[in-house]
Structures are given as C-alpha cells and as structure tokens.
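Pasted below: query_37.txt, compact mmCIF, C-alpha atoms and all ligand atoms.
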```
# COMPACT_ATOMS: atom_id res chain seq x y z
CA MET A 1 15.87 -11.13 32.21
CA SER A 2 18.93 -9.01 31.26
CA ALA A 3 18.76 -6.52 28.35
CA PRO A 4 20.22 -7.92 25.05
CA ASP A 5 23.76 -6.75 24.21
CA HIS A 6 23.89 -5.02 20.77
CA ASN A 7 27.64 -4.26 20.84
CA HIS A 8 28.37 -7.00 18.27
CA ASP A 9 25.49 -6.32 15.86
CA LEU A 10 26.48 -5.78 12.24
CA THR A 11 24.77 -3.42 9.76
CA LEU A 12 25.39 -4.00 6.05
CA ASP A 13 22.91 -1.50 4.55
CA SER A 14 23.85 -0.87 0.90
CA ALA A 15 22.26 0.95 -2.01
CA VAL A 16 21.23 -1.30 -4.92
CA THR A 17 21.43 0.52 -8.23
CA LEU A 18 20.22 -1.21 -11.35
CA GLY A 19 20.57 -0.15 -14.98
CA PHE A 20 18.00 -1.03 -17.63
CA THR A 21 17.53 0.02 -21.23
CA HIS A 22 13.92 0.75 -22.15
CA ARG A 23 13.92 0.18 -25.93
CA VAL A 24 10.88 1.85 -27.52
CA ARG A 25 10.40 2.05 -31.28
CA PHE A 26 7.51 3.23 -33.47
CA THR A 27 7.16 1.55 -36.84
CA LYS A 28 4.63 0.37 -39.42
CA GLY A 29 4.12 -3.27 -40.39
CA VAL A 30 6.24 -4.78 -37.62
CA PHE A 31 6.00 -8.32 -39.05
CA ALA A 32 6.52 -7.33 -42.71
CA ALA A 33 9.59 -9.27 -43.85
CA ALA A 34 11.39 -6.11 -45.05
CA ASN A 35 10.99 -4.30 -41.69
CA PRO A 36 14.21 -4.60 -39.64
CA ALA A 37 12.82 -3.06 -36.39
CA LEU A 38 11.97 -6.27 -34.52
CA GLN A 39 15.08 -8.12 -35.66
CA GLN A 40 17.24 -5.17 -34.59
CA ALA A 41 15.51 -4.94 -31.21
CA LEU A 42 15.90 -8.66 -30.50
CA THR A 43 19.58 -8.67 -31.39
CA SER A 44 20.51 -5.28 -29.93
CA ASP A 45 22.41 -6.66 -26.95
CA GLY A 46 24.82 -8.46 -29.32
CA ASP A 47 24.41 -11.69 -27.36
CA VAL A 48 24.62 -14.55 -29.85
CA CYS A 49 23.93 -17.57 -27.64
CA ALA A 50 21.12 -19.88 -28.76
CA ARG A 51 17.84 -18.23 -27.91
CA ARG A 52 14.19 -18.97 -28.38
CA ALA A 53 10.99 -16.99 -28.72
CA ILE A 54 7.29 -17.55 -28.33
CA VAL A 55 4.80 -15.07 -29.73
CA ILE A 56 1.49 -14.64 -27.90
CA VAL A 57 -1.23 -12.83 -29.85
CA ASP A 58 -4.43 -11.17 -28.57
CA GLU A 59 -7.44 -12.78 -30.28
CA GLY A 60 -8.68 -9.27 -31.15
CA VAL A 61 -5.62 -8.90 -33.40
CA ALA A 62 -5.54 -12.47 -34.73
CA GLN A 63 -9.20 -12.37 -35.79
CA THR A 64 -8.98 -9.03 -37.59
CA HIS A 65 -5.56 -9.24 -39.26
CA VAL A 66 -5.91 -12.04 -41.80
CA GLY A 67 -2.89 -14.34 -42.00
CA PHE A 68 -1.19 -12.76 -38.95
CA ASP A 69 0.16 -16.08 -37.68
CA GLY A 70 1.74 -16.79 -41.10
CA MET A 71 3.29 -13.31 -41.24
CA ILE A 72 4.97 -13.85 -37.88
CA ARG A 73 6.35 -17.21 -38.95
CA GLY A 74 7.48 -15.70 -42.28
CA TYR A 75 9.26 -12.87 -40.44
CA PHE A 76 11.29 -15.23 -38.29
CA ALA A 77 12.12 -17.37 -41.35
CA ALA A 78 13.16 -14.31 -43.39
CA HIS A 79 15.50 -13.07 -40.67
CA ALA A 80 17.04 -16.42 -39.73
CA PRO A 81 19.75 -17.11 -38.59
CA THR A 82 20.09 -13.85 -36.65
CA MET A 83 16.68 -14.28 -35.05
CA PRO A 84 15.91 -16.48 -32.05
CA THR A 85 14.20 -19.77 -32.88
CA LEU A 86 10.43 -19.32 -33.04
CA MET A 87 8.93 -22.06 -30.87
CA ASP A 88 5.22 -21.26 -31.23
CA VAL A 89 2.61 -18.63 -32.06
CA VAL A 90 -0.22 -18.83 -29.54
CA ILE A 91 -3.54 -16.97 -29.74
CA VAL A 92 -5.22 -16.02 -26.45
CA SER A 93 -8.35 -14.07 -25.51
CA GLY A 94 -7.58 -10.53 -24.43
CA GLY A 95 -9.63 -7.70 -22.93
CA GLU A 96 -10.09 -7.02 -19.23
CA ALA A 97 -11.48 -10.56 -18.71
CA CYS A 98 -7.93 -11.95 -19.09
CA LYS A 99 -6.89 -9.97 -15.99
CA GLN A 100 -9.79 -11.28 -13.91
CA ASP A 101 -8.20 -14.62 -13.02
CA THR A 102 -4.80 -16.30 -13.21
CA ARG A 103 -5.48 -18.46 -16.28
CA LEU A 104 -3.62 -16.41 -18.90
CA THR A 105 -0.70 -15.70 -16.57
CA ASP A 106 -0.46 -19.43 -15.73
CA HIS A 107 -0.70 -20.30 -19.43
CA VAL A 108 2.33 -18.07 -20.13
CA ILE A 109 4.31 -19.69 -17.31
CA ASN A 110 3.44 -23.13 -18.75
CA LEU A 111 4.53 -22.03 -22.24
CA VAL A 112 7.86 -20.81 -20.85
CA ASP A 113 8.37 -24.23 -19.30
CA ARG A 114 7.12 -26.26 -22.29
CA HIS A 115 9.23 -24.38 -24.84
CA ARG A 116 12.23 -24.06 -22.54
CA ILE A 117 12.34 -20.28 -22.73
CA CYS A 118 15.45 -19.22 -20.79
CA ARG A 119 16.12 -15.83 -19.21
CA LYS A 120 17.81 -14.66 -22.43
CA SER A 121 14.92 -15.85 -24.60
CA PHE A 122 11.80 -13.89 -25.45
CA VAL A 123 8.10 -13.79 -24.78
CA ILE A 124 6.70 -11.49 -27.47
CA ALA A 125 3.19 -10.27 -26.64
CA VAL A 126 1.02 -8.64 -29.31
CA GLY A 127 -2.15 -7.15 -27.89
CA GLY A 128 -4.10 -4.62 -25.87
CA GLY A 129 -3.08 -3.23 -22.50
CA ALA A 130 -4.98 -5.88 -20.55
CA MET A 131 -3.35 -8.80 -22.34
CA LEU A 132 0.10 -7.16 -22.09
CA ASP A 133 -0.42 -6.81 -18.33
CA ALA A 134 -1.44 -10.46 -17.78
CA VAL A 135 1.20 -11.91 -20.14
CA GLY A 136 3.79 -9.52 -18.69
CA TYR A 137 3.10 -10.80 -15.20
CA GLY A 138 3.70 -14.38 -16.35
CA ALA A 139 6.90 -13.38 -18.17
CA ALA A 140 8.12 -11.42 -15.12
CA THR A 141 7.68 -14.35 -12.74
CA ALA A 142 8.67 -17.42 -14.80
CA HIS A 143 12.38 -17.98 -14.03
CA ARG A 144 12.02 -14.74 -12.02
CA GLY A 145 11.81 -12.88 -15.31
CA VAL A 146 12.30 -13.73 -18.97
CA ARG A 147 12.63 -11.06 -21.64
CA LEU A 148 9.29 -9.48 -22.55
CA VAL A 149 8.80 -7.74 -25.88
CA ARG A 150 5.55 -5.78 -26.10
CA VAL A 151 3.84 -5.09 -29.41
CA PRO A 152 0.89 -2.96 -28.24
CA SER A 153 -2.13 -3.15 -30.54
CA THR A 154 -4.55 -0.54 -29.12
CA VAL A 155 -4.32 3.23 -28.86
CA LEU A 156 -4.22 3.06 -25.07
CA ALA A 157 -1.53 0.38 -25.08
CA GLN A 158 0.63 2.47 -27.45
CA ASP A 159 0.12 5.90 -25.91
CA ASP A 160 0.46 4.71 -22.29
CA ALA A 161 0.33 1.09 -21.07
CA ALA A 162 3.23 -0.38 -23.06
CA MET A 163 5.55 2.43 -21.90
CA GLY A 164 5.01 1.38 -18.30
CA VAL A 165 7.39 -0.78 -16.29
CA LYS A 166 4.73 -2.79 -14.53
CA ASN A 167 2.25 -5.57 -15.11
CA GLY A 168 -0.55 -7.14 -13.15
CA ILE A 169 -3.95 -8.74 -12.84
CA ASN A 170 -7.05 -7.90 -10.80
CA ARG A 171 -7.97 -9.68 -7.54
CA PHE A 172 -10.55 -9.21 -4.78
CA GLY A 173 -12.49 -6.90 -7.12
CA LYS A 174 -9.53 -4.50 -7.15
CA LYS A 175 -7.57 -3.35 -10.19
CA ASN A 176 -3.97 -4.53 -10.54
CA PHE A 177 -3.94 -5.99 -7.04
CA VAL A 178 -1.31 -8.59 -7.98
CA GLY A 179 1.63 -7.84 -10.24
CA SER A 180 5.21 -6.68 -10.38
CA PHE A 181 7.51 -3.98 -11.65
CA ALA A 182 9.55 -5.16 -14.62
CA VAL A 183 11.17 -3.20 -17.44
CA PRO A 184 10.27 -4.76 -20.82
CA TYR A 185 13.16 -5.78 -23.08
CA ALA A 186 11.65 -3.84 -25.98
CA VAL A 187 8.42 -2.16 -27.08
CA LEU A 188 7.46 -1.95 -30.76
CA CYS A 189 4.45 0.21 -31.58
CA ASP A 190 2.92 -0.52 -34.99
CA GLU A 191 0.34 2.03 -36.13
CA SER A 192 -1.06 -0.33 -38.77
CA LEU A 193 -2.38 -2.60 -36.00
CA LEU A 194 -4.77 0.16 -34.89
CA THR A 195 -6.85 0.16 -38.10
CA THR A 196 -8.93 -2.81 -36.95
CA LEU A 197 -9.97 -1.42 -33.55
CA CYS A 198 -13.66 -0.69 -33.09
CA ASP A 199 -14.41 3.03 -32.70
CA SER A 200 -15.08 2.89 -28.97
CA VAL A 201 -11.77 1.13 -28.16
CA PHE A 202 -9.90 3.44 -30.56
CA ARG A 203 -11.30 6.64 -28.98
CA ALA A 204 -11.06 5.43 -25.37
CA GLY A 205 -7.27 5.32 -25.66
CA PHE A 206 -7.06 9.09 -26.13
CA SER A 207 -8.20 9.72 -22.55
CA GLU A 208 -4.65 8.83 -21.41
CA ALA A 209 -3.21 11.32 -23.92
CA VAL A 210 -5.54 14.02 -22.56
CA LYS A 211 -4.45 13.05 -19.05
CA ILE A 212 -0.72 13.45 -19.68
CA ALA A 213 -1.28 16.64 -21.69
CA LEU A 214 -3.31 18.14 -18.82
CA LEU A 215 -0.50 17.31 -16.41
CA LYS A 216 2.58 18.12 -18.41
CA ASP A 217 2.13 19.61 -21.85
CA PRO A 218 -0.31 22.45 -22.58
CA THR A 219 0.79 22.52 -26.23
CA LEU A 220 -0.21 18.87 -26.64
CA PHE A 221 -3.57 19.67 -25.03
CA GLU A 222 -4.05 22.52 -27.54
CA PHE A 223 -3.18 20.16 -30.38
CA ILE A 224 -5.69 17.56 -29.13
CA GLU A 225 -8.48 20.10 -28.60
CA HIS A 226 -7.85 21.62 -32.03
CA HIS A 227 -7.93 18.22 -33.76
CA ALA A 228 -10.44 16.43 -31.48
CA GLN A 229 -13.01 15.84 -34.21
CA ALA A 230 -10.38 14.52 -36.64
CA ILE A 231 -9.06 12.19 -33.93
CA ALA A 232 -12.57 10.88 -33.19
CA ALA A 233 -12.96 10.37 -36.95
CA ARG A 234 -9.70 8.36 -36.87
CA GLU A 235 -7.69 10.62 -39.14
CA PRO A 236 -4.33 8.79 -39.05
CA ALA A 237 -1.86 11.70 -39.25
CA VAL A 238 -3.21 13.57 -36.21
CA SER A 239 -4.10 10.43 -34.23
CA ASN A 240 -0.63 8.98 -34.67
CA GLU A 241 1.03 12.25 -33.72
CA VAL A 242 -0.96 12.38 -30.47
CA ILE A 243 -0.17 8.72 -29.70
CA ARG A 244 3.57 9.27 -30.22
CA ARG A 245 3.68 12.47 -28.16
CA SER A 246 1.67 10.88 -25.35
CA ALA A 247 3.93 7.80 -25.36
CA ALA A 248 7.04 10.00 -25.23
CA LEU A 249 5.66 11.99 -22.27
CA HIS A 250 4.72 8.82 -20.37
CA LEU A 251 8.13 7.30 -21.10
CA ASN A 252 9.93 10.47 -20.09
CA HIS A 253 8.13 10.59 -16.77
CA ILE A 254 8.93 6.95 -16.04
CA VAL A 255 12.59 7.20 -17.08
CA GLN A 256 13.41 10.74 -15.86
CA GLY A 257 10.88 11.13 -13.03
CA GLY A 258 13.15 9.48 -10.48
CA ASP A 259 10.65 6.89 -9.25
CA PRO A 260 10.05 4.21 -11.90
CA PHE A 261 9.08 1.55 -9.37
CA GLU A 262 6.73 3.91 -7.54
CA CYS A 263 8.40 3.86 -4.14
CA HIS A 264 7.03 7.32 -3.36
CA GLU A 265 3.39 8.10 -2.78
CA ALA A 266 3.00 10.65 -5.57
CA ARG A 267 1.87 9.06 -8.82
CA PRO A 268 1.01 11.89 -11.20
CA LEU A 269 0.43 9.51 -14.11
CA ASP A 270 -2.53 8.23 -12.12
CA PHE A 271 -4.41 11.56 -12.39
CA GLY A 272 -8.13 10.71 -12.51
CA HIS A 273 -7.38 7.06 -11.76
CA TRP A 274 -8.64 6.73 -8.17
CA ALA A 275 -12.18 7.13 -9.53
CA ALA A 276 -11.43 5.34 -12.81
CA HIS A 277 -10.28 2.15 -11.08
CA ARG A 278 -13.27 2.27 -8.74
CA LEU A 279 -15.72 2.76 -11.64
CA GLU A 280 -14.20 -0.16 -13.53
CA SER A 281 -14.54 -2.39 -10.51
CA LEU A 282 -18.07 -1.18 -9.55
CA SER A 283 -19.24 -1.82 -13.11
CA GLY A 284 -17.86 -5.38 -13.06
CA TYR A 285 -15.38 -4.14 -15.69
CA ALA A 286 -18.16 -3.26 -18.12
CA ILE A 287 -16.65 0.25 -18.31
CA SER A 288 -13.33 0.09 -20.15
CA HIS A 289 -10.20 1.55 -18.59
CA GLY A 290 -10.00 4.31 -21.20
CA ASP A 291 -13.64 5.36 -20.72
CA ALA A 292 -13.24 5.20 -16.94
CA VAL A 293 -10.17 7.45 -17.16
CA ALA A 294 -12.17 10.01 -19.21
CA LEU A 295 -14.84 10.05 -16.45
CA GLY A 296 -12.20 10.17 -13.70
CA LEU A 297 -10.45 13.12 -15.38
CA LEU A 298 -13.70 15.00 -15.77
CA LEU A 299 -14.56 14.34 -12.12
CA ASP A 300 -11.21 15.52 -10.74
CA CYS A 301 -11.18 18.54 -13.07
CA ARG A 302 -14.67 19.55 -11.88
CA TYR A 303 -13.57 18.99 -8.27
CA SER A 304 -10.47 21.16 -8.90
CA ASN A 305 -12.82 23.77 -10.37
CA LEU A 306 -15.22 23.62 -7.38
CA CYS A 307 -12.25 24.03 -5.03
CA GLY A 308 -11.30 27.21 -6.85
CA TRP A 309 -8.01 25.83 -8.24
CA LEU A 310 -9.00 25.37 -11.89
CA SER A 311 -10.67 28.29 -13.68
CA ASP A 312 -14.14 27.98 -15.24
CA ALA A 313 -12.57 28.64 -18.65
CA ASP A 314 -10.02 25.81 -18.29
CA PHE A 315 -12.66 23.41 -17.00
CA ALA A 316 -14.87 24.25 -19.99
CA ARG A 317 -11.96 23.47 -22.34
CA VAL A 318 -11.43 20.04 -20.75
CA GLN A 319 -15.16 19.28 -20.97
CA SER A 320 -15.40 20.36 -24.58
CA CYS A 321 -12.26 18.44 -25.61
CA LEU A 322 -13.46 15.16 -24.06
CA GLU A 323 -16.90 15.64 -25.59
CA ARG A 324 -15.50 16.23 -29.10
CA LEU A 325 -13.29 13.16 -28.71
CA GLN A 326 -16.62 11.36 -28.16
CA LEU A 327 -15.55 10.08 -24.76
CA PRO A 328 -18.21 9.41 -22.08
CA MET A 329 -19.25 12.47 -20.06
CA HIS A 330 -21.71 10.85 -17.60
CA HIS A 331 -22.25 7.54 -15.88
CA ALA A 332 -25.00 6.44 -13.49
CA LEU A 333 -22.42 4.88 -11.13
CA LEU A 334 -21.14 8.37 -10.33
CA ALA A 335 -24.46 9.08 -8.65
CA ASN A 336 -23.62 6.55 -5.91
CA SER A 337 -20.99 8.67 -4.22
CA ASP A 338 -20.59 6.45 -1.11
CA ALA A 339 -19.47 3.53 -3.24
CA LEU A 340 -17.33 5.81 -5.39
CA LEU A 341 -15.53 7.48 -2.49
CA GLN A 342 -14.34 4.09 -1.21
CA GLY A 343 -12.02 4.28 -4.20
CA LEU A 344 -9.97 6.90 -2.32
CA ASP A 345 -9.25 4.40 0.47
CA GLU A 346 -8.31 1.69 -1.98
CA PHE A 347 -6.03 4.08 -3.80
CA ARG A 348 -4.27 5.15 -0.60
CA GLU A 349 -3.79 1.51 0.39
CA HIS A 350 -2.41 0.56 -3.03
CA LEU A 351 0.10 3.44 -2.95
CA GLY A 352 0.97 3.00 0.71
CA GLY A 353 1.33 5.82 3.21
CA THR A 354 -0.61 9.05 3.03
CA LEU A 355 -3.32 9.65 0.45
CA THR A 356 -1.67 11.50 -2.43
CA ILE A 357 -3.66 12.37 -5.50
CA THR A 358 -3.11 14.82 -8.31
CA MET A 359 -5.45 17.73 -8.98
CA LEU A 360 -5.27 20.43 -11.64
CA LYS A 361 -4.54 24.12 -11.19
CA SER A 362 -4.39 24.99 -14.88
CA ILE A 363 -4.04 23.15 -18.18
CA GLY A 364 -0.57 21.62 -18.14
CA HIS A 365 -0.07 21.97 -14.39
CA GLY A 366 -1.06 19.35 -11.83
CA PHE A 367 -0.34 19.43 -8.10
CA GLU A 368 -0.69 17.04 -5.19
CA VAL A 369 -3.31 17.01 -2.49
CA HIS A 370 -3.47 14.76 0.59
CA ALA A 371 -7.12 15.21 1.52
CA VAL A 372 -10.38 15.41 -0.37
CA ASP A 373 -13.41 17.49 0.65
CA ALA A 374 -16.07 14.76 0.52
CA ASN A 375 -18.95 17.20 0.07
CA LEU A 376 -17.41 18.93 -2.93
CA MET A 377 -16.41 15.59 -4.44
CA ARG A 378 -19.98 14.34 -3.97
CA GLN A 379 -21.25 17.48 -5.69
CA ALA A 380 -18.87 16.98 -8.63
CA ALA A 381 -19.84 13.30 -8.91
CA ALA A 382 -23.58 14.06 -8.72
CA GLU A 383 -23.26 16.43 -11.70
CA LEU A 384 -21.73 13.63 -13.78
CA GLY A 385 -24.06 10.89 -12.52
N1 LIG B 401 0.92 -1.60 -17.15
C1 LIG B 401 0.61 -0.32 -17.23
O1 LIG B 401 1.45 0.55 -16.94
C2 LIG B 401 -0.76 0.10 -17.70
C3 LIG B 401 -1.00 1.45 -17.98
C4 LIG B 401 -2.26 1.83 -18.45
C5 LIG B 401 -3.26 0.88 -18.61
N2 LIG B 401 -3.00 -0.43 -18.30
C6 LIG B 401 -4.06 -1.45 -18.45
O2 LIG B 401 -4.42 -1.57 -19.82
C7 LIG B 401 -5.74 -2.14 -19.88
C8 LIG B 401 -6.57 -1.45 -20.95
O3 LIG B 401 -5.96 -1.72 -22.20
P1 LIG B 401 -6.70 -1.41 -23.60
O4 LIG B 401 -7.37 -0.11 -23.53
O5 LIG B 401 -5.66 -1.66 -24.64
O6 LIG B 401 -7.88 -2.46 -23.67
P2 LIG B 401 -7.90 -4.05 -23.81
O7 LIG B 401 -6.55 -4.64 -23.70
O8 LIG B 401 -8.94 -4.51 -22.85
O9 LIG B 401 -8.38 -4.27 -25.32
C9 LIG B 401 -9.70 -3.90 -25.73
C10 LIG B 401 -10.21 -4.88 -26.79
O10 LIG B 401 -9.53 -4.67 -28.02
C11 LIG B 401 -9.15 -5.94 -28.58
N3 LIG B 401 -8.01 -5.65 -29.46
C12 LIG B 401 -6.73 -5.44 -29.12
N4 LIG B 401 -6.02 -5.07 -30.19
C13 LIG B 401 -6.87 -5.07 -31.25
C14 LIG B 401 -6.73 -4.75 -32.64
N5 LIG B 401 -5.56 -4.29 -33.12
N6 LIG B 401 -7.81 -4.87 -33.45
C15 LIG B 401 -9.02 -5.26 -32.93
N7 LIG B 401 -9.21 -5.55 -31.64
C16 LIG B 401 -8.15 -5.45 -30.80
C17 LIG B 401 -8.88 -6.79 -27.38
O11 LIG B 401 -8.99 -8.17 -27.71
C18 LIG B 401 -10.01 -6.35 -26.44
O12 LIG B 401 -11.18 -7.04 -26.72
C19 LIG B 401 -6.33 -2.00 -18.48
O13 LIG B 401 -6.37 -3.26 -17.85
C20 LIG B 401 -5.36 -1.09 -17.77
O14 LIG B 401 -5.33 -1.32 -16.38
C21 LIG B 401 -1.78 -0.84 -17.87
ZN ZN B 402 -4.57 4.41 -17.03
```

Written form, structure tokens:
Amino acid sequence: MSAPDHNHDLTLDSAVTLGFTHRVRFTKGVFAAANPALQQALTSDGDVCARRAIVIVDEGVAQTHVGFDGMIRGYFAAHAPTMPTLMDVVIVSGGEACKQDTRLTDHVINLVDRHRICRKSFVIAVGGGAMLDAVGYGAATAHRGVRLVRVPSTVLAQDDAAMGVKNGINRFGKKNFVGSFAVPYAVLCDESLLTTLCDSVFRAGFSEAVKIALLKDPTLFEFIEHHAQAIAAREPAVSNEVIRRSAALHLNHIVQGGDPFECHEARPLDFGHWAAHRLESLSGYAISHGDAVALGLLLDCRYSNLCGWLSDADFARVQSCLERLQLPMHHALLANSDALLQGLDEFREHLGGTLTITMLKSIGHGFEVHAVDANLMRQAAAELG
C-alpha cells in the first residue's frame, strides 16, 4: 500500500473568541414592586421582541417566605409592559437531592418546551446552589441554551455558586460529573432571602468565603476572623459584607483569571475541594457542600503545615477562625484515608491532565502542587478523623 499524499490537505484552524456580560447585582427585596433591579436586568440588552419568562422556586424559599408566588406575579404585573410575559411560577424541591438524578433538569427542559421559552426568553431560578446547578443545566441545554437568571437564596449560592459560569448534576457517585459551562444572563443576590435559612446552612456558606480569603485576600481573612462570632450569630451587617466581598473575589477570578471555562488544569477556586467532593460522595451527600469545604480546607491547611509550607501560627489562625464560625472541625470519614485519597484520582480525572491542586504557603497566598505525599496527607486526615 502506498503512503497517503497530504499535499492537498487543508487546515482551517481559527481562534473562537466570545464576549459575554456577566451581570451581577446585590439588592434587597428583589420581588418588591418598587425594586427596579430585576426589571432593569431583564431589559438591559434593549431587545424589545416578545419574550417570556418562567420562574422556578426552591421549595426551601417558597415554604419559608409567605406569599412568595404572589409577590413574583405582582412584580411582573407592576412592571408590565416592559417585562417579559410571566408564563408560570413553579416550585421544586432543592438541596443536593435535586442533583442526584435527572428529574429536575428534565422538568426544566419540559417547562421550556411547554411554555415555548425561546433563546431570548428567561428561566429565572430562585434557590440554593444545588437547585441553581440542576436548573442551570436544563436551561443551558434546552434549545442549546436559554437565558438563565439566578436569584441565589443561600449564603453559599450568593458568596460563590451563583458567580460561577457552570452548572451540573452528580452521576456515578461523583460530584458534578455531568454539566456544562454557561454564563448566566444575570445574577440578583437578595440579602433578605437569607433570613429564613437554618443556622447550619447559613454558616456552612462562609467556608467558601474563608477559602477565597485564604487564597487571595488576607484583609478579608482578618475581617472574617475578627467578626467570626458575629457572623455565626448571623449579624447582618458583617455577614452581608463578607458575602459581597467573597462574591466579588470569586467573580473577579472568573472574569479576570483568563480561564473561565477551566481549560487549564489549575483551579485555585477549588482549594480544599478534592477532599470536600470526596467527603460529600462518601457520606451519600449527608455532609453539605459548605461543611465539606470547611473540612477540606482544614485538611489541606494542616497538610501544608506538615509539609513546612504554612507556619504553625497561620494554621492556628485558620483553625480558630473555622471553629468560631461554628463550622465542622472533625468527621469520622476522614479516618478512612484509603477511601479519601481516591478523591485525588477523581479530581485529576475531572480536571484532565496532571494532578494540580492548590496548597497554602501563608494566609492570602496559595500555590500549586502536582503531587501529594500520601503519608503526610494520611497523618493530617487522621488528626481530623
Ligand atoms: N456552579 C458552581 O460554580 C458552584 C459553586 C459552588 C457550589 N456549587 C454547588 O452548590 C451546592 C450547594 O449549595 P447550597 O450550599 O446553597 O445548598 P443547597 O442548594 O443544597 O441548599 C440547602 C438547603 O437550603 C434550602 N434553602 C435554599 N434557600 C433557602 C432559604 N432562603 N430559606 C430556607 N431554606 C432555603 C434548600 O431547599 C436546601 O434544602 C452544591 O451542590 C455545590 O456543588 C456550585
Ligand atoms: Zn465549593
């Protein structure tokens, strides 16, 4: 057989550059008739063609905010005719369970079909990070992507998850195994939604603020450690300041970090997450994401300390801060280090390429490592088990 002739091959390699606007606004009382934030966000592209909207509400919000459905309907009525036509308000169960199968995502795709939501129309999701992820996946895939507006209703969703440009659900016992990258059309954070959270869900969300502060902003870490007790006691002024600063840091990293769709292996925002995701999965999702992140941070900080990178004094500050925020400091699953360490393999596979995880050299300064000393990691885990 003669060798193929490549003289007439054609190469059309081209760069694809896309521009998106990530609209993020903080407000209070997002569905109060006098609040223009949502109306302004929905009409900010100046496109006046007939559009529709469906609003999907996490049951956790609907059950605790009396008359929420009526407020939403009243808001659309008050701002007609500039608003899209409200087709339905649908209440769905949220929490991690909604990411455990395809039912909620399929429900969203069905709603898009039933209410003839076009690519210029809106799916508005009000809920926690889990529900936003599952609804977001449906919105990103129906018609290959309709406009998603997130109204995050937990601390974690406001200070981290809703800023993200991804969505997803769990499969094969692995976190976020299926999903996509998609920039939301708008994000509206409403601090008044947070008043109905139970204490454990409220506090768990601050682990992501500690994470980003440890990586990027020592002054935010100082603020959190100084006000940790007030935050745990849900003092609104300090809690809201931390949420806003954490959201801004997450957003800044995503928008300015040069890799919004995570094409590179380094994912600093996932500090502490290799263990967190594994703990969530090993516990059958009984450990919440926020609590798992607190444990994962503590583990990787202790490991950084055992490796001689992080000083004893800095490690003690991290420990004390998490403790005063009333976040979990121990879990029996950390004692099973064989099962835990499998999380490193899963993490490498999810990222692709070489294992790349972030460790800490001082408060405010993370760095990447490509290998983990299993014995030292086992020692760190045993202390927290
Ligand atoms: N897409 C991303 O970039 C990203 C980033 C970080 C985290 N996440 C995901 O976010 C999820 C965790 O989100 P979470 O911490 O918000 O938890 P969650 O969504 O599981 O919500 C916790 C509970 O609070 C209830 N709830 C929600 N809002 C409420 C309110 N205002 N009042 C009373 N109850 C309310 C929910 O119904 C649920 O039972 C995880 O699945 C995690 O993987 C995604
Ligand atoms: Zn996280």

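Nearest-residue note for Gly127 of chain A: choosing from A:Glu208, A:Asp373, A:Glu59, A:Asp13, the minimum distance belongs to A:Glu59, counting all atoms listed in the file.
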
*Enumerate residues in contact with ligand ZN 402 (chain B): an atom-to-atom distance of at most 9 Å, counting all atoms listed in the file. Format the result as JSON, numbers by chain.*
{"A": [156, 160, 161, 207, 208, 211, 269, 270, 271, 272, 273, 276, 277, 289, 290, 292, 293]}

Please dump the current selection as an mmCIF file, in the coordinates of the input; keep C-alpha atoms.
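Below is the file again_17.cif, written as the result:
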```
data_model
loop_
_atom_site.group_PDB
_atom_site.id
_atom_site.type_symbol
_atom_site.label_atom_id
_atom_site.label_comp_id
_atom_site.auth_asym_id
_atom_site.auth_seq_id
_atom_site.Cartn_x
_atom_site.Cartn_y
_atom_site.Cartn_z
ATOM 1 C CA LEU A 156 -4.220 3.060 -25.070
ATOM 2 C CA ASP A 160 0.460 4.710 -22.290
ATOM 3 C CA ALA A 161 0.330 1.090 -21.070
ATOM 4 C CA SER A 207 -8.200 9.720 -22.550
ATOM 5 C CA GLU A 208 -4.650 8.830 -21.410
ATOM 6 C CA LYS A 211 -4.450 13.050 -19.050
ATOM 7 C CA LEU A 269 0.430 9.510 -14.110
ATOM 8 C CA ASP A 270 -2.530 8.230 -12.120
ATOM 9 C CA PHE A 271 -4.410 11.560 -12.390
ATOM 10 C CA GLY A 272 -8.130 10.710 -12.510
ATOM 11 C CA HIS A 273 -7.380 7.060 -11.760
ATOM 12 C CA ALA A 276 -11.430 5.340 -12.810
ATOM 13 C CA HIS A 277 -10.280 2.150 -11.080
ATOM 14 C CA HIS A 289 -10.200 1.550 -18.590
ATOM 15 C CA GLY A 290 -10.000 4.310 -21.200
ATOM 16 C CA ALA A 292 -13.240 5.200 -16.940
ATOM 17 C CA VAL A 293 -10.170 7.450 -17.160
#
```

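Residues in contact with Gly95 of chain A at up to 10 Å, not including ones fewer than 4 positions away on its chain and judged by all atoms listed in the file, are Asp58, Glu59, Gly60, Lys99, Gln100, Gly127, Gly128, Gly129, Ala130, Met131, Leu132, Tyr285 and Ser288 of chain A.
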
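Atom CA of Arg73 of chain A lies 24.3 Å from atom O5 of ligand LIG 401 (chain B).
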
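Taking atom CA of His365 of chain A and atom CA of Pro152 of chain A as endpoints, the distance between them is 28.5 Å.
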
As a check of understanding: the span from atom CA of Ala204 of chain A to atom CA of Ser337 of chain A is 23.6 Å

Enclose the full set of atoms of ligand LIG 401 (chain B) listed in the file within a box whose edges lie along x, y and z, apply 8 Å of padding to each of the six sides, and report centre and edge lengths in Å to one decimal as JSON.
```
{"center_x": -4.9, "center_y": -3.2, "center_z": -24.9, "size_x": 28.6, "size_y": 26.0, "size_z": 33.1}
```

Restricting to only C-alpha atoms and all ligand atoms, whichever of A:Glu349, A:Glu191, A:Asp312, A:Glu96 is closest to ligand LIG 401 (chain B) is A:Glu96
